[in-house]
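Trainee: One file: data21.cif (mmCIF, C-alpha atoms).
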```
data_model
#
loop_
_atom_site.label_atom_id
_atom_site.label_comp_id
_atom_site.auth_asym_id
_atom_site.auth_seq_id
_atom_site.Cartn_x
_atom_site.Cartn_y
_atom_site.Cartn_z
CA ARG A 77 18.28 -23.94 -3.07
CA CYS A 78 18.27 -20.35 -1.80
CA ALA A 79 21.09 -21.16 0.60
CA GLU A 80 23.08 -23.04 -2.05
CA GLU A 81 22.78 -20.47 -4.84
CA LEU A 82 22.63 -17.20 -2.90
CA GLY A 83 24.30 -18.03 0.38
CA LEU A 84 21.19 -16.92 2.29
CA GLY A 85 19.73 -18.67 5.30
CA ILE A 86 15.95 -19.03 5.61
CA ASP A 87 14.09 -18.87 8.91
CA ILE A 88 10.48 -20.09 8.98
CA LEU A 89 8.51 -18.06 11.51
CA SER A 90 5.98 -19.68 13.80
CA GLY A 91 2.53 -18.12 13.96
CA SER A 92 3.15 -16.65 17.40
CA GLU A 93 6.50 -15.21 16.26
CA GLU A 94 4.82 -13.60 13.25
CA ALA A 95 2.24 -12.08 15.60
CA ARG A 96 4.99 -10.74 17.90
CA LEU A 97 7.00 -9.19 15.07
CA GLY A 98 3.95 -7.58 13.53
CA ARG A 99 3.15 -5.90 16.82
CA LEU A 100 6.80 -4.90 17.27
CA ALA A 101 6.46 -2.85 14.07
CA LEU A 102 4.52 -0.25 16.05
CA GLY A 103 7.67 0.59 18.00
CA PRO A 104 7.20 2.80 21.08
CA SER A 105 3.62 3.53 20.02
CA GLY A 106 2.80 -0.15 20.41
CA ALA A 107 2.64 0.17 24.19
CA GLU A 108 0.76 -2.01 26.65
CA ALA A 109 -2.62 -0.58 25.64
CA SER A 110 -2.48 -1.80 22.02
CA VAL A 111 -3.66 -4.95 20.25
CA THR A 112 -2.79 -5.72 16.62
CA LEU A 113 -4.79 -7.63 14.03
CA ASP A 114 -2.73 -8.57 10.96
CA VAL A 115 -4.32 -10.33 7.97
CA GLY A 116 -1.87 -12.04 5.63
CA GLY A 117 -2.21 -14.36 2.66
CA GLY A 118 -2.27 -17.61 4.59
CA SER A 119 -2.80 -16.64 8.22
CA THR A 120 -4.20 -13.97 10.52
CA GLU A 121 -2.48 -12.86 13.72
CA VAL A 122 -3.78 -11.18 16.85
CA ALA A 123 -1.20 -9.87 19.32
CA GLY A 124 -1.15 -8.21 22.70
CA ALA A 125 1.84 -7.36 24.87
CA ARG A 126 2.30 -10.75 26.55
CA PRO A 127 3.65 -13.88 24.76
CA GLU A 128 0.47 -15.83 25.51
CA GLU A 129 -1.50 -13.10 23.73
CA GLN A 130 0.31 -13.59 20.40
CA ILE A 131 -1.84 -16.01 18.41
CA SER A 132 -2.10 -17.05 14.76
CA ALA A 133 -5.12 -18.52 12.95
CA PRO A 134 -4.48 -20.54 9.74
CA VAL A 135 -6.72 -18.51 7.42
CA GLY A 136 -5.80 -15.55 5.23
CA ALA A 137 -6.85 -13.64 2.13
CA LEU A 138 -5.11 -15.84 -0.45
CA VAL A 139 -6.00 -19.30 0.83
CA LEU A 140 -9.62 -18.32 1.50
CA THR A 141 -10.00 -16.90 -2.00
CA GLU A 142 -8.61 -20.09 -3.55
CA ARG A 143 -10.89 -22.27 -1.43
CA PHE A 144 -14.22 -20.46 -1.65
CA LEU A 145 -14.17 -17.82 -4.40
CA GLY A 146 -11.70 -19.07 -7.00
CA MET A 147 -8.63 -17.34 -8.42
CA GLU A 148 -7.23 -16.58 -11.87
CA LEU A 149 -10.30 -18.00 -13.61
CA ARG A 150 -10.00 -21.28 -11.68
CA GLU A 151 -12.98 -22.75 -9.88
CA PRO A 152 -13.00 -22.68 -6.05
CA LEU A 153 -11.47 -25.70 -4.36
CA ASP A 154 -14.46 -26.00 -2.01
CA THR A 155 -18.17 -25.38 -2.37
CA GLY A 156 -20.30 -22.90 -0.45
CA GLY A 157 -19.05 -19.57 -1.78
CA ALA A 158 -19.17 -16.46 0.40
CA PRO A 159 -21.36 -17.93 3.20
CA ALA A 160 -18.92 -20.83 3.61
CA LEU A 161 -16.00 -18.39 3.61
CA TRP A 162 -17.53 -16.37 6.46
CA GLU A 163 -18.24 -19.54 8.41
CA GLN A 164 -14.71 -20.87 7.92
CA VAL A 165 -13.22 -17.59 9.18
CA ARG A 166 -15.47 -17.47 12.26
CA THR A 167 -14.57 -21.07 13.09
CA ALA A 168 -10.84 -20.45 12.64
CA PHE A 169 -11.01 -17.34 14.83
CA GLU A 170 -12.33 -19.29 17.80
CA CYS A 171 -8.66 -19.55 18.79
CA PHE A 172 -8.82 -15.81 19.59
CA GLU A 173 -10.27 -15.07 23.01
CA GLU A 174 -13.74 -13.58 22.67
CA GLY A 175 -13.63 -9.93 23.75
CA PHE A 176 -9.80 -10.05 23.70
CA ALA A 177 -9.47 -6.36 22.83
CA GLY A 178 -11.21 -5.13 25.96
CA GLU A 179 -10.58 -1.40 26.30
CA ARG A 180 -7.30 -1.52 24.38
CA THR A 181 -6.68 0.28 21.08
CA VAL A 182 -6.81 -2.10 18.11
CA VAL A 183 -4.39 -1.48 15.23
CA LEU A 184 -4.95 -3.16 11.85
CA LEU A 185 -1.80 -4.17 9.94
CA GLY A 186 -1.22 -5.66 6.51
CA GLY A 187 -2.20 -5.07 2.91
CA SER A 188 -5.92 -5.72 3.35
CA ALA A 189 -6.06 -3.05 6.05
CA SER A 190 -4.15 -0.54 3.91
CA ASN A 191 -6.58 -1.00 1.04
CA LEU A 192 -9.52 -0.77 3.43
CA ALA A 193 -8.21 2.62 4.59
CA CYS A 194 -8.23 3.94 1.03
CA LEU A 195 -11.79 2.69 0.52
CA GLU A 196 -12.99 4.23 3.76
CA LYS A 197 -11.33 7.58 3.00
CA GLY A 198 -12.87 7.66 -0.48
CA LEU A 199 -9.58 8.29 -2.24
CA VAL A 200 -9.37 8.50 -6.02
CA HIS A 201 -6.42 6.09 -6.15
CA PHE A 202 -4.63 3.79 -3.73
CA ASP A 203 -2.19 5.99 -1.82
CA PRO A 204 -0.13 4.42 1.00
CA LEU A 205 0.94 7.86 2.19
CA GLN A 206 -2.61 8.63 3.31
CA ILE A 207 -3.23 5.42 5.23
CA GLU A 208 -1.61 5.93 8.63
CA GLY A 209 -4.06 6.55 11.46
CA THR A 210 -7.27 6.00 9.47
CA ARG A 211 -10.05 4.90 11.81
CA ILE A 212 -12.62 2.30 10.84
CA GLU A 213 -15.69 1.10 12.74
CA VAL A 214 -16.37 -2.62 12.76
CA ALA A 215 -19.74 -2.08 11.03
CA ALA A 216 -17.98 -0.23 8.19
CA ALA A 217 -15.39 -3.01 7.82
CA ARG A 218 -18.19 -5.56 7.53
CA ALA A 219 -20.06 -3.41 5.01
CA TRP A 220 -16.98 -3.13 2.78
CA ALA A 221 -16.38 -6.89 3.02
CA GLU A 222 -19.95 -7.67 2.00
CA ARG A 223 -19.89 -5.12 -0.81
CA LEU A 224 -16.65 -6.31 -2.39
CA ILE A 225 -17.37 -10.02 -2.06
CA ASP A 226 -20.46 -9.53 -4.26
CA MET A 227 -18.70 -7.20 -6.72
CA PRO A 228 -17.28 -8.52 -10.03
CA LEU A 229 -13.50 -8.38 -10.23
CA GLU A 230 -13.66 -5.97 -13.17
CA ASP A 231 -15.67 -3.49 -11.11
CA ARG A 232 -13.19 -3.65 -8.24
CA GLY A 233 -10.63 -2.27 -10.67
CA HIS A 234 -12.36 1.11 -10.46
CA LEU A 235 -11.88 1.31 -6.69
CA PRO A 236 -8.91 2.97 -4.91
CA ILE A 237 -7.17 -0.35 -4.22
CA GLU A 238 -4.03 -2.12 -5.42
CA SER A 239 -4.73 -3.90 -8.70
CA GLN A 240 -2.68 -6.94 -7.68
CA ARG A 241 -4.76 -7.31 -4.52
CA ALA A 242 -8.21 -6.84 -6.05
CA GLU A 243 -8.87 -10.57 -6.38
CA ILE A 244 -8.04 -11.51 -2.78
CA LEU A 245 -9.15 -8.32 -1.00
CA PRO A 246 -12.76 -9.41 -0.30
CA ALA A 247 -11.52 -12.40 1.71
CA GLY A 248 -9.04 -10.17 3.51
CA LEU A 249 -11.82 -7.78 4.49
CA VAL A 250 -13.90 -10.70 5.78
CA CYS A 251 -10.97 -11.60 8.04
CA ILE A 252 -10.75 -8.02 9.28
CA ALA A 253 -14.47 -7.71 9.98
CA ALA A 254 -14.80 -11.14 11.61
CA GLY A 255 -11.59 -10.63 13.58
CA LEU A 256 -12.72 -7.29 15.00
CA GLU A 257 -16.08 -8.78 15.92
CA ARG A 258 -14.46 -11.78 17.61
CA ILE A 259 -12.10 -9.72 19.79
CA GLY A 260 -14.86 -7.27 20.71
CA ALA A 261 -13.50 -4.14 19.02
CA ARG A 262 -15.92 -1.32 18.21
CA GLU A 263 -13.37 0.40 15.97
CA ALA A 264 -9.74 0.15 14.95
CA ARG A 265 -6.88 2.30 13.71
CA ILE A 266 -5.15 1.32 10.46
CA SER A 267 -1.38 1.44 10.09
CA ALA A 268 0.80 1.09 6.98
CA LEU A 269 3.39 -0.66 9.16
CA GLY A 270 3.67 -4.42 9.18
CA LEU A 271 5.72 -7.54 9.67
CA ARG A 272 8.71 -6.36 7.62
CA HIS A 273 9.04 -3.29 9.84
CA GLY A 274 9.00 -5.47 12.93
CA VAL A 275 11.72 -7.68 11.45
CA ALA A 276 13.80 -4.58 10.66
CA LEU A 277 13.48 -3.26 14.22
CA GLU A 278 14.38 -6.68 15.62
CA LEU A 279 17.54 -6.80 13.47
CA LEU A 280 18.49 -3.25 14.42
CA TYR A 281 17.88 -3.36 18.15
CA GLY A 282 17.63 -7.06 19.02
#
```
Mind turning this structure into structure tokens?

Mentor:
Amino acid sequence: RCAEELGLGIDILSGSEEARLGRLALGPSGAEASVTLDVGGGSTEVAGARPEEQISAPVGALVLTERFLGMELREPLDTGGAPALWEQVRTAFECFEEGFAGERTVVLLGGSASNLACLEKGLVHFDPLQIEGTRIEVAAARAWAERLIDMPLEDRGHLPIESQRAEILPAGLVCIAAGLERIGAREARISALGLRHGVALELLYG
């Protein structure tokens, strides 16, 4: 329909391609010594420099919220609540090599990471201009995930996060915390860059 009515072609990205493009967003700063972790709505990507290091897991903030926490006043699709959510994420992330990060710098991409930066910095309001370069320890990422997953949605509205992301952010933070733990990262750097920037660079420079 998009092609017929707007004359636009649609390309569906594979998980590994999404991982590659997310990492490409870092540009020259995304050198050999960097690993990216990018949490989306339906998947989470980990990417290193080599093609075999660009891997996607089929869990993300939106689908996990729908399954285990419920959205828009609807009941969860599955039972088990937060404990089942954590377990599902850990199981899905077994596709990431344990200790994958090694001594490399880990960069967090995506909306969940941007909101986590504002929480960690203690901002009054969500401010994307203050996100770049924020450092987060894995223990702090886990603490924020556990805090928000137990917090009523109304109370999350008083935090420095995007209002449209408040409902799915706890699941996104679980993915960040569990992902960092799985790849053996002690801390990570948060970037406001993401997949769309990688796509733009690919179109510009090929």

Trainee: Check what the PyMOL selection byres ((chain A and resi 211-226) around 9) selects in the file above and give those residues as a ChimeraX atom specification.

Mentor: /A:145,158,192-193,195-196,209-210,227-229,232,245-254,256-257,261-266

Trainee: Using all atoms listed in the file for the distances, tell me which of A:Val275, A:Val135, A:Gly198, A:Glu179 is nearest to Leu89 in chain A.

Mentor: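 Closest to Leu89 in chain A, using all atoms listed in the file: A:Val275.
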
Trainee: Can you tell me how far CA of Ser188 in chain A sits from CA of Val139 in chain A, in Å to one decimal?

Mentor: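 These atoms are spaced 13.8 Å apart.
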
Trainee: Measuring atom to atom with all atoms listed in the file, identify which of A:Val122, A:Asp114, A:Glu230, A:Leu138 is nearest to Glu174 in chain A.

Mentor: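 So, comparing all the options, the nearest one is A:Val122.
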
Trainee: Give me the result of the PyMOL selection byres ((chain A and resi 190) around 9) on this file, residue by residue, as an MDAnalysis selection string.

Mentor: chainID A and resid 184:189 191:195 202:204 207:208 237 266:268

Trainee: Excluding Leu153 in chain A and its own-chain neighbours fewer than 4 positions away, which residues fall within 12 Å of it when counting only C-alpha atoms? Please give them as a PyMOL selection string.

Mentor: chain A and resi 139-147+157+160-161

Trainee: Quick check on the file I pasted: which residues fall under the PyMOL selection byres ((chain A and resi 91) around 12)? Write them as a PDB file with C-alpha atoms, in the coordinates of the input.

Mentor:
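Saved to expr-v1.pdb:
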```pdb
ATOM      1  CA  ILE A  88      10.480 -20.090   8.980  1.00  0.00           C
ATOM      2  CA  LEU A  89       8.510 -18.060  11.510  1.00  0.00           C
ATOM      3  CA  SER A  90       5.980 -19.680  13.800  1.00  0.00           C
ATOM      4  CA  SER A  92       3.150 -16.650  17.400  1.00  0.00           C
ATOM      5  CA  GLU A  93       6.500 -15.210  16.260  1.00  0.00           C
ATOM      6  CA  GLU A  94       4.820 -13.600  13.250  1.00  0.00           C
ATOM      7  CA  ALA A  95       2.240 -12.080  15.600  1.00  0.00           C
ATOM      8  CA  ARG A  96       4.990 -10.740  17.900  1.00  0.00           C
ATOM      9  CA  LEU A  97       7.000  -9.190  15.070  1.00  0.00           C
ATOM     10  CA  GLY A  98       3.950  -7.580  13.530  1.00  0.00           C
ATOM     11  CA  ASP A 114      -2.730  -8.570  10.960  1.00  0.00           C
ATOM     12  CA  VAL A 115      -4.320 -10.330   7.970  1.00  0.00           C
ATOM     13  CA  GLY A 116      -1.870 -12.040   5.630  1.00  0.00           C
ATOM     14  CA  GLY A 118      -2.270 -17.610   4.590  1.00  0.00           C
ATOM     15  CA  SER A 119      -2.800 -16.640   8.220  1.00  0.00           C
ATOM     16  CA  THR A 120      -4.200 -13.970  10.520  1.00  0.00           C
ATOM     17  CA  GLU A 121      -2.480 -12.860  13.720  1.00  0.00           C
ATOM     18  CA  VAL A 122      -3.780 -11.180  16.850  1.00  0.00           C
ATOM     19  CA  ALA A 123      -1.200  -9.870  19.320  1.00  0.00           C
ATOM     20  CA  PRO A 127       3.650 -13.880  24.760  1.00  0.00           C
ATOM     21  CA  GLU A 128       0.470 -15.830  25.510  1.00  0.00           C
ATOM     22  CA  GLU A 129      -1.500 -13.100  23.730  1.00  0.00           C
ATOM     23  CA  GLN A 130       0.310 -13.590  20.400  1.00  0.00           C
ATOM     24  CA  ILE A 131      -1.840 -16.010  18.410  1.00  0.00           C
ATOM     25  CA  SER A 132      -2.100 -17.050  14.760  1.00  0.00           C
ATOM     26  CA  ALA A 133      -5.120 -18.520  12.950  1.00  0.00           C
ATOM     27  CA  PRO A 134      -4.480 -20.540   9.740  1.00  0.00           C
ATOM     28  CA  VAL A 135      -6.720 -18.510   7.420  1.00  0.00           C
ATOM     29  CA  LEU A 271       5.720  -7.540   9.670  1.00  0.00           C
TER      30      LEU A 271
END
```

Trainee: Could you check how far CA of Val111 in chain A sits from CA of Leu199 in chain A, in Å to one decimal?

Mentor: 26.8 Å

Trainee: From the options A:Glu148, A:Glu243, A:Glu278, A:Asp87, which residue's atoms come nearest to Gly117 in chain A, counting only C-alpha atoms?

Mentor: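 Checking each candidate against Gly117 in chain A, we get A:Glu243 as the closest.
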
Trainee: Quick check, in Å to one decimal: how far apart do CA of Arg166 in chain A and CA of Val182 in chain A lie?

Mentor: 18.6 Å

Trainee: Restricting the calculation to only C-alpha atoms: of A:Leu279, A:Thr181, A:Arg126, A:Leu235, which residue gets closest to Thr112 in chain A?

Mentor: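 Under the stated criterion, the closest residue is A:Thr181.
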
Trainee: Generate N, CA and C atoms for range 242-254 of chain A and emit them as a tab-separated table (two decimals), in the coordinates of the input.

Mentor:
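Resulting contents of rebuild-v3.tsv:
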```
chain	number	residue	atom	x	y	z
A	242	ALA	N	-6.76	-6.92	-5.84
A	242	ALA	CA	-8.21	-6.84	-6.05
A	242	ALA	C	-8.90	-8.19	-5.93
A	243	GLU	N	-8.23	-9.26	-6.38
A	243	GLU	CA	-8.87	-10.57	-6.38
A	243	GLU	C	-9.00	-11.15	-4.98
A	244	ILE	N	-8.02	-10.90	-4.12
A	244	ILE	CA	-8.04	-11.51	-2.78
A	244	ILE	C	-8.54	-10.56	-1.69
A	245	LEU	N	-8.76	-9.29	-2.03
A	245	LEU	CA	-9.15	-8.32	-1.00
A	245	LEU	C	-10.46	-8.64	-0.31
A	246	PRO	N	-11.52	-9.10	-1.02
A	246	PRO	CA	-12.76	-9.41	-0.30
A	246	PRO	C	-12.56	-10.39	0.86
A	247	ALA	N	-11.78	-11.44	0.63
A	247	ALA	CA	-11.52	-12.40	1.71
A	247	ALA	C	-10.73	-11.76	2.83
A	248	GLY	N	-9.80	-10.88	2.49
A	248	GLY	CA	-9.04	-10.17	3.51
A	248	GLY	C	-9.93	-9.29	4.37
A	249	LEU	N	-10.90	-8.64	3.74
A	249	LEU	CA	-11.82	-7.78	4.49
A	249	LEU	C	-12.75	-8.61	5.37
A	250	VAL	N	-13.11	-9.80	4.92
A	250	VAL	CA	-13.90	-10.70	5.78
A	250	VAL	C	-13.10	-11.03	7.04
A	251	CYS	N	-11.81	-11.30	6.87
A	251	CYS	CA	-10.97	-11.60	8.04
A	251	CYS	C	-10.90	-10.41	8.99
A	252	ILE	N	-10.79	-9.21	8.44
A	252	ILE	CA	-10.75	-8.02	9.28
A	252	ILE	C	-12.05	-7.86	10.05
A	253	ALA	N	-13.17	-7.91	9.34
A	253	ALA	CA	-14.47	-7.71	9.98
A	253	ALA	C	-14.75	-8.78	11.03
A	254	ALA	N	-14.53	-10.04	10.66
A	254	ALA	CA	-14.80	-11.14	11.61
A	254	ALA	C	-13.82	-11.11	12.77
```
